[in-house]
Structure formats: C-alpha cells, structure tokens
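S.K.: File final.txt follows (compact mmCIF, C-alpha atoms):
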# COMPACT_ATOMS: atom_id res chain seq x y z
CA MET A 1 -8.44 -62.05 17.71
CA LEU A 2 -11.01 -60.03 19.63
CA ARG A 3 -8.78 -60.37 22.68
CA SER A 4 -5.85 -58.88 20.78
CA MET A 5 -8.04 -55.96 19.68
CA TYR A 6 -9.04 -55.13 23.24
CA SER A 7 -5.42 -55.53 24.39
CA GLY A 8 -4.43 -52.96 21.77
CA ILE A 9 -7.15 -50.59 23.01
CA SER A 10 -5.93 -50.88 26.60
CA GLY A 11 -2.36 -50.19 25.47
CA MET A 12 -3.45 -47.10 23.53
CA LYS A 13 -5.31 -45.73 26.57
CA ASN A 14 -2.28 -46.24 28.80
CA PHE A 15 0.12 -44.53 26.39
CA GLN A 16 -2.32 -41.64 26.01
CA THR A 17 -2.16 -41.17 29.79
CA LYS A 18 1.62 -41.40 29.73
CA LEU A 19 1.80 -38.72 27.02
CA ASP A 20 -0.50 -36.52 29.12
CA VAL A 21 1.88 -36.76 32.07
CA ILE A 22 4.94 -36.17 29.88
CA GLY A 23 3.26 -33.11 28.34
CA ASN A 24 2.53 -31.71 31.81
CA ASN A 25 6.15 -32.26 32.84
CA ILE A 26 7.46 -30.42 29.78
CA ALA A 27 4.96 -27.58 30.28
CA ASN A 28 6.35 -27.10 33.81
CA VAL A 29 10.04 -27.34 32.96
CA ASN A 30 10.54 -23.77 34.24
CA THR A 31 8.06 -23.87 37.12
CA PHE A 32 9.89 -23.23 40.40
CA GLY A 33 9.51 -26.06 42.91
CA TYR A 34 7.68 -28.33 40.42
CA LYS A 35 7.96 -32.10 40.97
CA LYS A 36 7.67 -34.24 37.84
CA GLY A 37 5.26 -37.12 37.33
CA ARG A 38 5.96 -40.65 36.14
CA VAL A 39 3.63 -43.33 34.75
CA THR A 40 4.14 -47.07 35.19
CA PHE A 41 2.09 -49.92 33.69
CA LYS A 42 1.14 -53.43 34.74
CA ASP A 43 -0.49 -56.33 32.95
CA THR A 44 -4.16 -56.89 33.63
CA MET A 45 -6.13 -60.13 33.90
CA ASN A 46 -4.96 -63.34 32.21
CA GLN A 47 -7.37 -65.88 30.75
CA MET A 48 -6.52 -69.45 31.71
CA VAL A 49 -6.38 -71.85 28.75
CA SER A 50 -5.13 -74.78 30.82
CA GLY A 51 -3.77 -75.02 34.30
CA ALA A 52 -0.49 -76.41 35.54
CA SER A 53 -0.14 -80.09 36.36
CA ALA A 54 2.29 -81.80 38.68
CA ALA A 55 4.82 -84.40 37.62
CA GLY A 56 3.68 -88.03 37.87
CA GLU A 57 5.42 -91.40 37.93
CA ASN A 58 5.45 -91.80 34.16
CA ARG A 59 4.92 -88.21 33.01
CA GLY A 60 6.46 -84.87 33.78
CA GLY A 61 4.67 -81.73 34.95
CA LYS A 62 3.03 -79.25 32.65
CA ASN A 63 3.13 -75.47 32.83
CA PRO A 64 -0.03 -73.38 32.79
CA MET A 65 -1.20 -71.74 29.57
CA GLN A 66 -2.64 -68.25 29.82
CA VAL A 67 -3.59 -65.51 27.40
CA GLY A 68 -3.08 -61.92 28.61
CA LEU A 69 -5.90 -59.42 28.24
CA GLY A 70 -3.92 -56.20 27.93
CA SER A 71 -2.33 -53.68 30.28
CA THR A 72 -3.51 -51.08 32.76
CA LEU A 73 -2.03 -48.22 34.80
CA ALA A 74 0.05 -49.31 37.80
CA THR A 75 0.98 -45.89 39.24
CA ILE A 76 1.22 -42.21 38.42
CA ASP A 77 4.05 -41.19 40.74
CA THR A 78 5.17 -37.74 41.83
CA ILE A 79 8.97 -37.73 41.99
CA HIS A 80 10.02 -35.54 44.93
CA THR A 81 13.76 -35.53 44.30
CA GLY A 82 15.45 -32.21 44.98
CA SER A 83 16.61 -29.97 42.17
CA SER A 84 19.32 -27.33 41.84
CA LEU A 85 18.92 -23.91 43.43
CA GLN A 86 18.97 -20.91 41.10
CA SER A 87 20.45 -17.73 42.52
CA THR A 88 18.17 -14.68 42.23
CA GLY A 89 19.65 -12.26 44.77
CA ARG A 90 16.14 -11.34 45.97
CA ALA A 91 15.78 -11.40 49.76
CA LEU A 92 12.30 -12.99 49.69
CA ASP A 93 13.21 -15.77 47.27
CA LEU A 94 13.86 -18.85 49.40
CA GLY A 95 15.03 -22.33 48.52
CA ILE A 96 15.25 -25.40 50.75
CA ASP A 97 18.42 -27.44 50.79
CA GLY A 98 16.90 -30.65 52.14
CA ASP A 99 13.60 -32.54 52.30
CA GLY A 100 11.39 -29.95 53.98
CA TYR A 101 8.39 -28.00 52.65
CA PHE A 102 7.26 -24.46 53.38
CA VAL A 103 3.95 -24.29 55.25
CA VAL A 104 1.31 -21.86 53.94
CA LYS A 105 -2.28 -21.33 55.03
CA GLN A 106 -5.52 -20.05 53.61
CA GLY A 107 -7.93 -19.78 56.51
CA ASN A 108 -7.75 -23.13 58.28
CA ALA A 109 -6.56 -25.01 55.19
CA GLU A 110 -2.87 -25.90 55.36
CA TYR A 111 -0.75 -26.46 52.27
CA TYR A 112 2.89 -27.29 51.61
CA SER A 113 5.19 -26.01 48.90
CA ARG A 114 8.76 -26.08 47.62
CA ALA A 115 8.28 -22.84 45.65
CA GLY A 116 9.74 -20.09 47.81
CA ASN A 117 8.99 -16.97 45.78
CA PHE A 118 7.37 -14.99 48.62
CA TYR A 119 6.13 -11.42 48.92
CA LEU A 120 4.88 -8.87 51.45
CA ASP A 121 1.25 -7.78 51.23
CA ASP A 122 -0.08 -4.34 52.17
CA GLN A 123 -0.17 -5.33 55.86
CA GLY A 124 3.37 -6.71 55.87
CA ASN A 125 2.30 -10.37 55.92
CA LEU A 126 4.69 -12.79 54.26
CA VAL A 127 2.66 -14.51 51.51
CA ASN A 128 3.16 -16.64 48.41
CA ALA A 129 2.21 -15.59 44.88
CA ASP A 130 -1.47 -16.45 45.49
CA GLY A 131 -1.72 -14.63 48.82
CA LEU A 132 -1.53 -17.70 51.08
CA LYS A 133 0.18 -16.77 54.33
CA VAL A 134 3.56 -18.27 55.12
CA GLN A 135 3.75 -19.85 58.58
CA ALA A 136 6.55 -19.14 61.05
CA TYR A 137 7.21 -19.78 64.73
CA LYS A 138 6.57 -16.90 67.11
CA ILE A 139 9.39 -15.45 69.20
CA ASP A 140 9.19 -15.27 73.00
CA PRO A 141 9.69 -11.55 73.77
CA THR A 142 11.39 -12.37 77.07
CA THR A 143 13.93 -14.99 75.95
CA GLY A 144 14.13 -14.03 72.27
CA LYS A 145 13.89 -17.72 71.35
CA PRO A 146 11.27 -19.46 69.16
CA THR A 147 8.16 -20.81 70.87
CA ASN A 148 6.36 -24.00 69.82
CA ILE A 149 3.49 -22.00 68.28
CA TYR A 150 3.52 -21.10 64.59
CA GLY A 151 1.26 -18.77 62.64
CA ASP A 152 1.27 -15.84 60.22
CA VAL A 153 4.39 -13.68 60.20
CA ALA A 154 4.45 -9.98 59.39
CA VAL A 155 7.33 -7.63 58.61
CA ASN A 156 6.26 -4.11 59.48
CA VAL A 157 8.55 -1.85 57.46
CA ASN A 158 7.42 1.09 59.62
CA ALA A 159 8.18 -0.69 62.89
CA VAL A 160 9.81 1.28 65.69
CA LEU A 161 11.91 -0.46 68.31
CA PRO A 162 11.29 1.45 71.55
CA ALA A 163 14.14 2.65 73.69
CA MET A 164 15.14 0.42 76.61
CA LYS A 165 17.21 1.72 79.48
CA THR A 166 20.40 -0.02 80.55
CA GLY A 167 19.84 -2.35 83.48
CA ILE A 168 22.84 -4.68 83.47
CA ILE A 169 26.41 -4.48 82.24
CA ASN A 170 28.16 -7.78 81.53
CA VAL A 171 31.94 -7.88 81.72
CA THR A 172 33.54 -10.86 80.02
CA GLU A 173 36.85 -12.22 78.68
CA ASN A 174 40.17 -11.75 80.55
CA LEU A 175 42.20 -9.32 82.67
CA SER A 176 45.89 -10.07 82.42
CA ALA A 177 47.55 -11.59 85.48
CA ASP A 178 50.87 -10.34 84.05
CA ALA A 179 49.88 -6.66 84.12
CA THR A 180 52.11 -4.37 86.17
CA GLU A 181 50.74 -2.73 89.28
CA ASP A 182 48.85 0.55 88.71
CA SER A 183 48.48 -0.17 84.98
CA ILE A 184 45.07 0.93 83.69
CA TYR A 185 42.78 -0.66 81.11
CA THR A 186 39.83 1.45 79.90
CA GLN A 187 36.68 0.70 77.95
CA GLN A 188 34.17 3.34 76.82
CA ILE A 189 30.55 2.19 76.66
CA LYS A 190 27.19 3.71 75.74
CA MET A 191 24.34 3.53 78.25
CA VAL A 192 20.70 4.51 77.80
CA ASP A 193 18.63 6.21 80.51
CA GLU A 194 14.88 6.04 81.17
CA LYS A 195 14.16 8.76 78.59
CA GLY A 196 16.01 6.87 75.86
CA VAL A 197 18.97 9.25 75.91
CA GLU A 198 22.39 7.75 75.24
CA HIS A 199 25.38 8.56 77.47
CA LYS A 200 29.05 7.70 77.10
CA ILE A 201 30.61 6.18 80.20
CA ASP A 202 34.25 5.23 80.85
CA VAL A 203 34.96 2.05 82.80
CA HIS A 204 38.54 1.84 84.14
CA PHE A 205 40.32 -1.25 85.49
CA LYS A 206 43.40 -0.52 87.62
CA LYS A 207 45.80 -3.32 88.60
CA THR A 208 46.49 -3.77 92.31
CA THR A 209 48.49 -6.30 94.30
CA ALA A 210 45.27 -8.11 95.25
CA GLY A 211 43.55 -7.95 91.85
CA TRP A 212 41.89 -5.07 90.01
CA ASP A 213 39.97 -1.96 91.11
CA VAL A 214 37.03 -0.78 89.03
CA PHE A 215 36.25 2.93 88.50
CA VAL A 216 33.03 3.83 86.69
CA ASN A 217 33.02 7.32 85.15
CA LYS A 218 35.89 8.36 87.44
CA ASP A 219 39.49 9.15 86.58
CA PRO A 220 41.62 6.75 88.65
CA ASN A 221 44.61 9.14 88.26
CA ALA A 222 42.73 12.17 89.59
CA THR A 223 43.96 14.07 92.63
CA PRO A 224 42.78 13.33 95.22
CA ALA A 225 42.44 9.69 94.13
CA PRO A 226 38.77 8.59 93.98
CA SER A 227 37.52 5.51 95.79
CA PRO A 228 37.02 2.49 93.53
CA ASP A 229 33.45 1.36 92.88
CA SER A 230 34.53 -2.25 93.31
CA SER A 231 37.62 -4.35 93.90
CA LEU A 232 37.92 -7.58 91.93
CA SER A 233 39.71 -10.56 93.41
CA PHE A 234 40.47 -13.91 91.76
CA ASP A 235 41.58 -17.33 92.95
CA VAL A 236 44.71 -19.16 91.76
CA ASP A 237 42.76 -20.57 88.80
CA GLY A 238 41.81 -17.09 87.61
CA LYS A 239 38.17 -17.34 88.62
CA LEU A 240 36.39 -14.38 90.16
CA THR A 241 35.77 -14.62 93.93
CA ALA A 242 34.36 -11.15 94.58
CA GLY A 243 33.51 -7.98 92.67
CA ASP A 244 29.87 -7.74 91.46
CA PHE A 245 28.20 -4.48 92.44
CA ASP A 246 25.27 -2.17 91.70
CA TRP A 247 26.13 1.29 90.41
CA THR A 248 23.95 4.39 90.63
CA PRO A 249 24.49 6.38 87.40
CA ASP A 250 25.60 9.96 87.86
CA VAL A 251 24.48 11.07 84.36
CA GLY A 252 21.08 11.22 82.69
CA ASP A 253 17.74 10.20 84.17
CA TRP A 254 17.66 6.74 85.73
CA GLY A 255 15.20 7.66 88.45
CA SER A 256 15.95 5.67 91.58
CA SER A 257 17.16 2.59 89.71
CA THR A 258 20.69 1.25 89.66
CA VAL A 259 22.72 -0.61 87.06
CA LYS A 260 24.19 -4.01 87.90
CA PHE A 261 27.75 -4.90 86.93
CA ASP A 262 28.09 -8.64 86.33
CA PHE A 263 31.69 -9.96 86.37
CA SER A 264 30.79 -13.66 86.58
CA LYS A 265 32.32 -14.43 83.17
CA LEU A 266 35.50 -12.41 83.73
CA THR A 267 38.81 -14.19 84.38
CA GLN A 268 42.34 -13.24 85.40
CA ASN A 269 44.85 -15.39 83.55
CA LYS A 270 48.22 -14.89 81.96
CA GLY A 271 48.27 -13.28 78.54
CA ALA A 272 46.70 -10.20 77.05
CA THR A 273 43.91 -8.15 78.60
CA THR A 274 40.83 -8.63 76.44
CA ALA A 275 38.03 -7.64 78.82
CA LEU A 276 34.79 -6.58 77.13
CA VAL A 277 32.20 -4.38 78.80
CA ASN A 278 28.74 -4.97 77.25
CA PRO A 279 25.72 -2.98 78.50
CA ASP A 280 22.17 -3.88 77.56
CA GLY A 281 19.58 -1.30 76.53
CA ASN A 282 19.14 0.64 73.31
CA VAL A 283 17.92 3.93 71.95
CA GLU A 284 14.82 4.10 69.75
CA GLY A 285 15.33 2.64 66.29
CA MET A 286 13.47 2.32 62.97
CA LEU A 287 13.41 -0.89 60.94
CA GLU A 288 15.90 -0.37 58.11
CA SER A 289 16.04 -3.81 56.52
CA PHE A 290 15.44 -7.48 57.15
CA ASN A 291 17.01 -10.75 56.09
CA ILE A 292 16.32 -14.46 56.38
CA GLY A 293 19.02 -16.76 57.74
CA ALA A 294 19.88 -20.37 56.94
CA MET A 295 17.91 -21.62 59.96
CA GLY A 296 14.81 -19.76 58.83
CA GLU A 297 15.15 -16.82 61.22
CA ILE A 298 13.60 -13.58 59.94
CA ASN A 299 15.87 -10.85 61.32
CA GLY A 300 14.91 -7.19 61.47
CA VAL A 301 17.84 -4.72 61.36
CA TYR A 302 17.11 -1.41 63.12
CA SER A 303 18.74 1.99 62.78
CA ASN A 304 20.07 1.78 66.36
CA GLY A 305 22.17 -1.25 65.42
CA GLN A 306 19.86 -3.77 67.08
CA VAL A 307 18.95 -7.01 65.29
CA LYS A 308 15.70 -8.61 66.42
CA THR A 309 14.30 -11.95 65.26
CA LEU A 310 10.72 -11.46 64.06
CA GLY A 311 9.97 -15.16 63.57
CA VAL A 312 11.43 -18.46 62.38
CA LEU A 313 10.02 -20.16 59.28
CA ALA A 314 8.23 -23.46 59.84
CA LEU A 315 9.17 -26.42 57.63
CA ALA A 316 7.22 -29.67 57.23
CA LYS A 317 8.48 -33.17 56.55
CA PHE A 318 6.50 -36.29 55.65
CA SER A 319 7.03 -40.02 56.09
CA ASN A 320 5.85 -40.63 52.51
CA THR A 321 6.27 -37.58 50.27
CA SER A 322 4.94 -39.56 47.28
CA GLY A 323 1.62 -39.76 49.14
CA LEU A 324 1.11 -35.99 48.96
CA THR A 325 -1.75 -34.73 46.80
CA LYS A 326 -1.06 -32.01 44.24
CA ALA A 327 -3.40 -29.08 44.86
CA GLY A 328 -2.27 -26.88 41.96
CA ASN A 329 -0.50 -23.53 42.21
CA ASN A 330 2.75 -25.24 43.31
CA LEU A 331 1.00 -26.58 46.43
CA PHE A 332 0.63 -29.99 48.03
CA GLN A 333 -1.85 -31.30 50.58
CA ALA A 334 -1.41 -34.11 53.07
CA SER A 335 -3.29 -37.31 52.25
CA ILE A 336 -4.20 -40.38 54.24
CA ASN A 337 -1.07 -42.10 52.88
CA SER A 338 1.45 -39.26 53.18
CA GLY A 339 1.59 -39.41 56.97
CA THR A 340 1.03 -36.60 59.43
CA PRO A 341 3.27 -33.60 58.67
CA ASN A 342 6.20 -33.29 61.04
CA ILE A 343 6.39 -29.51 61.35
CA GLY A 344 9.27 -27.84 63.13
CA LEU A 345 12.24 -25.51 62.81
CA PRO A 346 14.67 -25.82 59.89
CA GLY A 347 17.33 -28.43 60.47
CA ASP A 348 16.63 -31.72 62.23
CA GLY A 349 16.31 -33.49 58.86
CA ARG A 350 14.07 -30.84 57.29
CA GLY A 351 16.86 -28.98 55.52
CA VAL A 352 18.09 -25.42 55.74
CA VAL A 353 16.85 -22.27 54.03
CA ALA A 354 18.90 -20.67 51.24
CA ALA A 355 17.87 -17.02 50.92
CA GLY A 356 18.20 -15.38 47.50
CA THR A 357 17.61 -18.66 45.63
CA LEU A 358 14.71 -20.59 44.12
CA GLU A 359 14.47 -24.33 43.52
CA MET A 360 14.18 -25.19 39.85
CA SER A 361 11.87 -27.84 38.40
CA ASN A 362 13.27 -31.37 38.57
CA VAL A 363 12.11 -32.10 35.00
CA ASP A 364 14.91 -33.40 32.75
CA LEU A 365 14.03 -32.48 29.16
CA SER A 366 16.27 -35.14 27.60
CA GLU A 367 14.59 -37.82 29.68
CA GLU A 368 11.11 -36.50 28.90
CA PHE A 369 11.71 -36.39 25.14
CA THR A 370 13.08 -39.94 25.22
CA GLU A 371 10.00 -41.09 27.13
CA MET A 372 7.83 -39.25 24.63
CA ILE A 373 9.42 -41.14 21.73
CA THR A 374 8.95 -44.53 23.40
CA ALA A 375 5.34 -43.65 24.29
CA GLN A 376 4.67 -42.57 20.71
CA ARG A 377 6.13 -45.79 19.30
CA GLY A 378 4.23 -47.84 21.86
CA PHE A 379 0.99 -46.11 20.85
CA GLN A 380 1.72 -46.79 17.16
CA ALA A 381 2.46 -50.46 17.87
CA ASN A 382 -0.88 -50.84 19.67
CA THR A 383 -2.72 -49.27 16.73
CA ARG A 384 -1.12 -51.92 14.50
CA ILE A 385 -2.59 -54.61 16.73
CA ILE A 386 -6.06 -53.17 16.12
CA THR A 387 -5.63 -52.77 12.34
CA THR A 388 -4.20 -56.29 12.02
CA SER A 389 -7.08 -57.75 14.04
CA ASP A 390 -9.50 -55.80 11.84
CA GLU A 391 -7.95 -57.26 8.68
CA ILE A 392 -8.34 -60.78 10.02
CA LEU A 393 -11.99 -60.10 10.88
CA GLN A 394 -12.48 -58.80 7.34
CA GLU A 395 -11.08 -62.05 5.93
CA LEU A 396 -13.55 -64.01 8.07
CA VAL A 397 -16.44 -61.93 6.76
CA ASN A 398 -15.26 -62.52 3.20
CA LEU A 399 -15.45 -66.30 3.69
CA LYS A 400 -19.24 -66.01 3.26
CA ARG A 401 -18.90 -64.59 -0.24
Take the structure I supplied and represent it as structure tokens, if you would.

M.R.:
Amino acid sequence: MLRSMYSGISGMKNFQTKLDVIGNNIANVNTFGYKKGRVTFKDTMNQMVSGASAAGENRGGKNPMQVGLGSTLATIDTIHTGSSLQSTGRALDLGIDGDGYFVVKQGNAEYYSRAGNFYLDDQGNLVNADGLKVQAYKIDPTTGKPTNIYGDVAVNVNAVLPAMKTGIINVTENLSADATEDSIYTQQIKMVDEKGVEHKIDVHFKKTTAGWDVFVNKDPNATPAPSPDSSLSFDVDGKLTAGDFDWTPDVGDWGSSTVKFDFSKLTQNKGATTALVNPDGNVEGMLESFNIGAMGEINGVYSNGQVKTLGVLALAKFSNTSGLTKAGNNLFQASINSGTPNIGLPGDGRGVVAAGTLEMSNVDLSEEFTEMITAQRGFQANTRIITTSDEILQELVNLKR
C-alpha cells in the first residue's frame, strides 16, 4: 500500500516533466530552427518477493515474484529531424537543406544553429539576431578559392574594387576548318590600362592556307596590307601547334609592359567558328549588391560587372546530433557525447544553403496535443493511486475505533 503510494508519486513527477517538455515544444511552434524535445520513461527498482527456482526431478521451475517501485525518467531527447523551409525572399535569410549547422562565435566560444535569420552590423559583419558572428572560410586573393581557415566575414557595402590592368588575353573555343580562304572573323574586346582606363580593341582572325593570321587593332583589309601579329597553325587533330605571342598595346598607358595572348585552348575543327577572346583586368567598381549561393559562397556584385567571392559559409556536422547541448537563443553547443564538430564547406554530407528561406520548427501540433492528453490522463491515473492508497490507510486507522 505504501509502495503503491510512492509509485503514484513517481508517476506524477514524470508526467509533470513530460508536460513541461510538451509546453516548451508548443511555445516554440513558430521558432525558426527549433528542434522539439521528447520524454521517455523507464521502470525503476523492483523489490524481490521470491526468486526464481529451477526445475527439479519431481517439480517444475518457478518464476520470480517482484513488486515494482514506480517509474523514472529514461531520456529527454532533442529530435534533430529537418523541417520544411519557408520562403521569405530576404537575401540574408538562410536555410540548410541537409544535416549541417551554421557556425557562430562570441569571442572564443563557438556555437551551432539551424536558425539562419542573419543580419549585417554597423561594421558589415554577418551576425545572428543576438550579434554572434557567423563564421565563413576566407578566400585566397591569388586563386580566388576558399582556404582552410574560417573566421568572421564582413560585407562592406562601401567597398571599392580597384582597377586592374589587362595582362593576359585567353582565346578559347573553335576556328572553323571549313572557312574559305581570306574570310575574316572579328571580336571586339575591352582592355584596361595601368591608369584604369578602358579601351576597345578589335581582334581579327583571317583564314590562310596554313591556318589563321591574327591582327590586333589592325584592319587586315587595309592598303597596304599590315603584317599579322601572329600566325596560328594546327595539326590534323585541330590542336594548336604554334601561335602564342606577346603584344605591346598601341593605345592607353601600359608603360613598358606587354599583353600575352594565350591560344592554348583554341582549336581548328569542322563546324562553326565560335572563338571567344577573353581579356582579364577590370575598371574600378563599387559594390552594388551581394548574394549567397547554394554552396555557401558570399558573392559581391560590382558596378564594373565583376563578381568576387567574399567568403564561403562554414557548416558543422556531428556524429551524434542528439548529444548537442541546448544553449538557448536557438543555439547548440558541442558536448562530450556529441562528437567533435566536423566543420567544412557546404556539401560533403553537410547539406546545401537555400538563400531566401528559413527552416521552420519541427514541432507537430497534432502530435503534441495528443501527447498532452495522454500525459494528462496518466497524471490523473497516478493521483487515483494515491487517493486509493490513502483510503485504505484510513480504513486501517479506523480499525482501532
């Protein structure tokens, strides 16, 4: 009788905890990136009335007899299943389609989050709603590719991309092997000199019996005919055998430098002429806008038409996401049982970034209300155990009268 009373008390405590977790889930039904909790129970100690006995020659075996002493909490789980992405159309709202987590920092403390409602502070740093700085991989200025070092990322809306003079001109695609002799193919390009001034240059390709002649800023039909700057020759497979050259610009201010023409990716095969002449270099440009791509790249779009990657968002993945510790404010921290965070670029099992969306809470209201009803009925049933045990105790007391 006293055992049943204490079993009822343990059940009431457990259902109170379950209702607390359910209430927190319902309160966060519209919290972006929220991961719901779940409570499970287990039975506690069992008092042995008599043990089991083995079967003998003249008598069969006997099962043990035990009286349970109530229940206790088994786990309070955090369910990290993904939820649907809600479209917002805002450039700095980011969702993750996959298992990754955004990495944010406050000082040396590192946190992880699925809530991607980010902002720019007064210094252009990308931060979350509480000012923690979003981490992204730095870009190598030489190669333009991400390094293996991540840190704070800033978007300077007043950034100016300095002018860079043209140093190399890449010619790609195909010159037709079917072209008639003396036919001319022309491409007009824009080159930038040392002072950042843009100049229009015509590059002419003239078909010859041996291949193609190249005229840079010269009219191949002029009288007298100008000398070609280079003569391109190809083998029977259409691969270039000779033709690369350095050209000294005759417009603008290049100083004593020359511009290299690279024809290594140019071919001569049957079909249409599709040759493309692509110079490097750019005039000065102001940052006009920026966007975030599916692979986490933060791209700055400048007024001169250039697109430069400012950084690539870092995503973290864990061996045991259920081992993460909730730190409040839509943040998680690594624990001893979550495993070391595997931080890297989007993709590679971490998921991709969906700009203009936010991940909704994974709370299912119908499921939570059903669990609330069962928890309420379970609590009521345990109170009946206590009142029934109390009535029996009252009868025992009345025996003395």

S.K.: Taking only C-alpha atoms into account, produce a table as JSON lines in which each residue of stretch 33-58 of chain A with an atom at most 12 Å from an atom of stretch 332-350 of chain A appears once, together with its shortest atom pair and the distance in Å to one decimal, ordered by chain and rising number.

M.R.:
{"residue": "A:Gly33", "atom": "CA", "partner": "A:Phe332", "partner_atom": "CA", "distance": 11.0}
{"residue": "A:Tyr34", "atom": "CA", "partner": "A:Phe332", "partner_atom": "CA", "distance": 10.5}
{"residue": "A:Lys35", "atom": "CA", "partner": "A:Phe332", "partner_atom": "CA", "distance": 10.4}

S.K.: Please compute the atom CA of A:Ser176-atom CA of A:Asp246 distance, one decimal, in Å.

M.R.: 24.0 Å

S.K.: Between atom CA of A:Ala109 and atom CA of A:Asp20, measure the distance and give it in Å to one decimal.

M.R.: 29.1 Å

S.K.: Need the neighbours of (41.6, -22.1, 87.5): which residues are at most 12 Å away, counting all atoms listed in the file, as a PyMOL selection string?

M.R.: chain A and resi 234-241+267-270

S.K.: Would you mind telling me which residue in A:Leu19, A:Ala210, A:Ala52, A:Met5 lies nearest to A:Leu232 when using only C-alpha atoms?

M.R.: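 The answer is A:Ala210, which sits nearest to A:Leu232.
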
S.K.: Which one of A:Glu367, A:Met295, A:Leu310, A:Gly11 sits closest to A:Ile96 if you count all atoms listed in the file?

M.R.: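 Using all atoms listed in the file, the shortest distance to A:Ile96 belongs to A:Met295.
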
S.K.: Can you work out which one of A:Phe41, A:Tyr101, A:Tyr302, A:Tyr119 has the shortest atom-to-atom distance to A:Lys18, counting only C-alpha atoms?

M.R.: A:Phe41

S.K.: Please indicate the distance in Å from atom CA of A:Ser113 to atom CA of A:Ser289, rounded to one decimal place.

M.R.: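 Atom-to-atom, atom CA of A:Ser113 and atom CA of A:Ser289 are spaced 25.9 Å apart.
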
S.K.: Please provide the set of residues having any atom within 9 Å of A:Glu173, restricted to only C-alpha atoms, with same-chain residues fewer than 6 positions apart removed, written as a VMD selection string.

M.R.: chain A and resid 265 to 268 273 to 276
